[in-house]
Amino acid sequence: MDWAYLFEICLTGLSGGGLYALAALAFVMVYKATRVVNIAIGELLMAGAYLFFTFAATFALPLWLAIPAAVLGSGLLGAVVERTMIRPLLGEPPISVFMVTVGLGSVLVGLVELIWTADQRRLPDFMPAQPIMVGDAFLAPKVFWGAMIALLFIAAVLLVFRFWRGGVALRATASDQGAAYSVGINVPRVFSLAWVASSMIAAVSGIIVGSIGGISSSMGVFGLSVLVVVIVGGLDSVLGALIGGLFIGLVEALAGSYLGGAYKLLATFIVLVVVLMLRPYGLFGTRDIERL
């Protein structure tokens, strides 16, 4: 066995897994606080990438301004979605909210194709292009730097929500909504905060993914792998999102290299089925115990 080649594949897989972990964190943040399964996470990621394309390419804003503008615009989109589409359904059956997010994904794809067409586009380069060598292993520079940005952003988000007052309120609401109400936390506002933060994180992920492979109206397919990550790791587990992202990235890289690119998705779904058979709540998910 060529161990250098295997090491290179593993590095590539872990780097790609870092991007999955960032997008999975956006999913978990909404689910943990609101118990909404946001199936449109891939389309929100796509929306952030297209906002960046608009500000950087169409309006010719400098990158240091275009990226924050795209992230803030995505946060505004998240607030609008939560206020107009999600909040009116509070107390309704979960399937109703789930179908709303399915519809949201279709609406976002339609808007992208209407405004920007379905043609693939390239984002302006903002990451170094020098080859990355780890020993004898080569790593694509955009993949490496994208993973580094994702991991730094994950660390920053976790620190902010660990010490910021809004983050404390979000974690309290996620633990027990009734108790959060009783101590004076504005739970609907926390729900809105969760959607805003999730959409902003998704935008960062979309900008990184788009800078690596380009952007198109089919970018939402990336969200399919993200859903596998969060289900494997646990829908309400931040740790599960991080470890699940790295693990699924590694599985995809190994399957794509040794079995062929057509088997990447098959391999991840086999992992998904096995994990659900052994641990229905995911590797790190909270197991609900009901008293009969």
# chains A, B, ... in the order shown; residues from 1 in each chain; ligands from 1

call {"tool": "residues_around", "arguments": {"residues": "range 157-167 of chain A", "least_positions_apart": "6", "cutoff": "12 Å", "atoms": "only C-alpha atoms", "output": "PyMOL selection string"}}
result
chain A and resi 22+25-26+29+33+150-151+173-174+185-187+189-194+197-198+200-201+204+238-239+242

call {"tool": "residues_around", "arguments": {"residues": "Val134 in chain A", "least_positions_apart": "4", "cutoff": "12 Å", "atoms": "only C-alpha atoms", "output": "PyMOL selection string"}}
result
chain A and resi 4-5+7-12+138-141+144

call {"tool": "closest_residue", "arguments": {"among": "A:Gly256, A:Pro188, A:Gly78, A:Gly73", "to": "Asn38 in chain A", "atoms": "only C-alpha atoms"}}
result
A:Gly78

call {"tool": "residues_around", "arguments": {"residues": "range 275-285 of chain A", "least_positions_apart": "4", "cutoff": "12 Å", "atoms": "only C-alpha atoms", "output": "number ranges by chain"}}
result
A: 28, 31-32, 227-244, 247-248, 268-271, 289

call {"tool": "write_last_selection", "arguments": {"atoms": "N, CA and C atoms", "output": "PDB file, in the first residue's frame"}}
result
ATOM      1  N   VAL A  28     -27.299  22.575  13.125  1.00  0.00           N
ATOM      2  CA  VAL A  28     -27.509  22.196  14.525  1.00  0.00           C
ATOM      3  C   VAL A  28     -27.977  23.382  15.348  1.00  0.00           C
ATOM      4  N   TYR A  31     -31.706  23.679  14.865  1.00  0.00           N
ATOM      5  CA  TYR A  31     -32.436  22.538  15.424  1.00  0.00           C
ATOM      6  C   TYR A  31     -32.357  22.520  16.951  1.00  0.00           C
ATOM      7  N   LYS A  32     -31.194  22.820  17.481  1.00  0.00           N
ATOM      8  CA  LYS A  32     -31.000  22.752  18.925  1.00  0.00           C
ATOM      9  C   LYS A  32     -31.878  23.772  19.651  1.00  0.00           C
ATOM     10  N   LEU A 227     -26.729  17.070   5.718  1.00  0.00           N
ATOM     11  CA  LEU A 227     -27.770  16.354   6.462  1.00  0.00           C
ATOM     12  C   LEU A 227     -27.264  15.001   6.940  1.00  0.00           C
ATOM     13  N   VAL A 228     -26.494  14.314   6.099  1.00  0.00           N
ATOM     14  CA  VAL A 228     -25.895  13.046   6.526  1.00  0.00           C
ATOM     15  C   VAL A 228     -24.991  13.284   7.731  1.00  0.00           C
ATOM     16  N   VAL A 229     -24.204  14.350   7.689  1.00  0.00           N
ATOM     17  CA  VAL A 229     -23.280  14.674   8.787  1.00  0.00           C
ATOM     18  C   VAL A 229     -24.033  14.874  10.089  1.00  0.00           C
ATOM     19  N   VAL A 230     -25.098  15.687  10.062  1.00  0.00           N
ATOM     20  CA  VAL A 230     -25.787  16.008  11.317  1.00  0.00           C
ATOM     21  C   VAL A 230     -26.575  14.807  11.843  1.00  0.00           C
ATOM     22  N   ILE A 231     -27.077  13.972  10.955  1.00  0.00           N
ATOM     23  CA  ILE A 231     -27.801  12.784  11.419  1.00  0.00           C
ATOM     24  C   ILE A 231     -26.825  11.781  12.026  1.00  0.00           C
ATOM     25  N   VAL A 232     -25.668  11.624  11.390  1.00  0.00           N
ATOM     26  CA  VAL A 232     -24.657  10.722  11.936  1.00  0.00           C
ATOM     27  C   VAL A 232     -24.133  11.247  13.262  1.00  0.00           C
ATOM     28  N   GLY A 233     -23.828  12.529  13.337  1.00  0.00           N
ATOM     29  CA  GLY A 233     -23.279  13.100  14.560  1.00  0.00           C
ATOM     30  C   GLY A 233     -24.300  13.293  15.657  1.00  0.00           C
ATOM     31  N   GLY A 234     -25.557  13.516  15.285  1.00  0.00           N
ATOM     32  CA  GLY A 234     -26.603  13.819  16.263  1.00  0.00           C
ATOM     33  C   GLY A 234     -27.197  15.181  15.962  1.00  0.00           C
ATOM     34  N   LEU A 235     -28.502  15.236  15.742  1.00  0.00           N
ATOM     35  CA  LEU A 235     -29.143  16.471  15.292  1.00  0.00           C
ATOM     36  C   LEU A 235     -28.936  17.643  16.237  1.00  0.00           C
ATOM     37  N   ASP A 236     -28.807  17.383  17.530  1.00  0.00           N
ATOM     38  CA  ASP A 236     -28.713  18.478  18.503  1.00  0.00           C
ATOM     39  C   ASP A 236     -27.336  18.575  19.145  1.00  0.00           C
ATOM     40  N   SER A 237     -26.327  18.008  18.524  1.00  0.00           N
ATOM     41  CA  SER A 237     -25.002  17.970  19.125  1.00  0.00           C
ATOM     42  C   SER A 237     -24.004  18.787  18.312  1.00  0.00           C
ATOM     43  N   VAL A 238     -23.446  19.827  18.927  1.00  0.00           N
ATOM     44  CA  VAL A 238     -22.399  20.610  18.270  1.00  0.00           C
ATOM     45  C   VAL A 238     -21.155  19.747  18.075  1.00  0.00           C
ATOM     46  N   LEU A 239     -20.794  18.992  19.113  1.00  0.00           N
ATOM     47  CA  LEU A 239     -19.649  18.092  19.004  1.00  0.00           C
ATOM     48  C   LEU A 239     -19.876  17.073  17.892  1.00  0.00           C
ATOM     49  N   GLY A 240     -21.102  16.558  17.797  1.00  0.00           N
ATOM     50  CA  GLY A 240     -21.430  15.606  16.739  1.00  0.00           C
ATOM     51  C   GLY A 240     -21.282  16.217  15.364  1.00  0.00           C
ATOM     52  N   ALA A 241     -21.658  17.504  15.207  1.00  0.00           N
ATOM     53  CA  ALA A 241     -21.511  18.181  13.921  1.00  0.00           C
ATOM     54  C   ALA A 241     -20.048  18.266  13.521  1.00  0.00           C
ATOM     55  N   LEU A 242     -19.181  18.573  14.487  1.00  0.00           N
ATOM     56  CA  LEU A 242     -17.757  18.728  14.184  1.00  0.00           C
ATOM     57  C   LEU A 242     -17.119  17.383  13.842  1.00  0.00           C
ATOM     58  N   ILE A 243     -17.330  16.394  14.702  1.00  0.00           N
ATOM     59  CA  ILE A 243     -16.725  15.079  14.464  1.00  0.00           C
ATOM     60  C   ILE A 243     -17.372  14.401  13.264  1.00  0.00           C
ATOM     61  N   GLY A 244     -18.688  14.523  13.146  1.00  0.00           N
ATOM     62  CA  GLY A 244     -19.387  13.933  12.003  1.00  0.00           C
ATOM     63  C   GLY A 244     -18.909  14.520  10.684  1.00  0.00           C
ATOM     64  N   PHE A 247     -15.516  13.056   9.898  1.00  0.00           N
ATOM     65  CA  PHE A 247     -15.640  11.633   9.585  1.00  0.00           C
ATOM     66  C   PHE A 247     -16.220  11.407   8.192  1.00  0.00           C
ATOM     67  N   ILE A 248     -17.299  12.128   7.865  1.00  0.00           N
ATOM     68  CA  ILE A 248     -17.927  11.964   6.547  1.00  0.00           C
ATOM     69  C   ILE A 248     -16.988  12.463   5.449  1.00  0.00           C
ATOM     70  N   THR A 268     -21.346   7.307   1.937  1.00  0.00           N
ATOM     71  CA  THR A 268     -21.829   8.102   3.067  1.00  0.00           C
ATOM     72  C   THR A 268     -23.202   7.612   3.537  1.00  0.00           C
ATOM     73  N   PHE A 269     -24.039   7.183   2.592  1.00  0.00           N
ATOM     74  CA  PHE A 269     -25.368   6.711   3.005  1.00  0.00           C
ATOM     75  C   PHE A 269     -25.293   5.326   3.639  1.00  0.00           C
ATOM     76  N   ILE A 270     -24.320   4.534   3.253  1.00  0.00           N
ATOM     77  CA  ILE A 270     -24.115   3.261   3.948  1.00  0.00           C
ATOM     78  C   ILE A 270     -23.711   3.529   5.397  1.00  0.00           C
ATOM     79  N   VAL A 271     -22.804   4.495   5.597  1.00  0.00           N
ATOM     80  CA  VAL A 271     -22.413   4.890   6.960  1.00  0.00           C
ATOM     81  C   VAL A 271     -23.632   5.378   7.730  1.00  0.00           C
ATOM     82  N   ILE A 289     -36.003  10.296  26.425  1.00  0.00           N
ATOM     83  CA  ILE A 289     -36.592   9.246  27.281  1.00  0.00           C
ATOM     84  C   ILE A 289     -38.006   9.703  27.652  1.00  0.00           C
TER      85      ILE A 289
END

call {"tool": "select_by_dssp", "arguments": {"residues": "range 46-236 of chain A", "states": "strand (DSSP E or B)", "output": "PyMOL selection string"}}
result
chain A and resi 121+132-134+137-139+215

call {"tool": "closest_residue", "arguments": {"among": "A:Pro88, A:Gly260, A:Gly146, A:Gly210", "to": "Leu51 in chain A", "atoms": "only C-alpha atoms"}}
result
A:Gly210

call {"tool": "atom_distance", "arguments": {"atom1": "CA of Val183 in chain A", "atom2": "CA of Ile154 in chain A"}}
result
29.0 Å

call {"tool": "select_by_dssp", "arguments": {"residues": "range 84-205 of chain A", "states": "alpha helix (DSSP H)", "output": "ChimeraX atom specification"}}
result
/A:94-116,141-163,165-175,177-182,187-205

call {"tool": "residues_around", "arguments": {"residues": "range 101-109 of chain A", "least_positions_apart": "4", "cutoff": "6 Å", "atoms": "only C-alpha atoms", "output": "list of chain:residue names"}}
result
A:Asn38, A:Ile39, A:Ala40, A:Glu43, A:Ser217
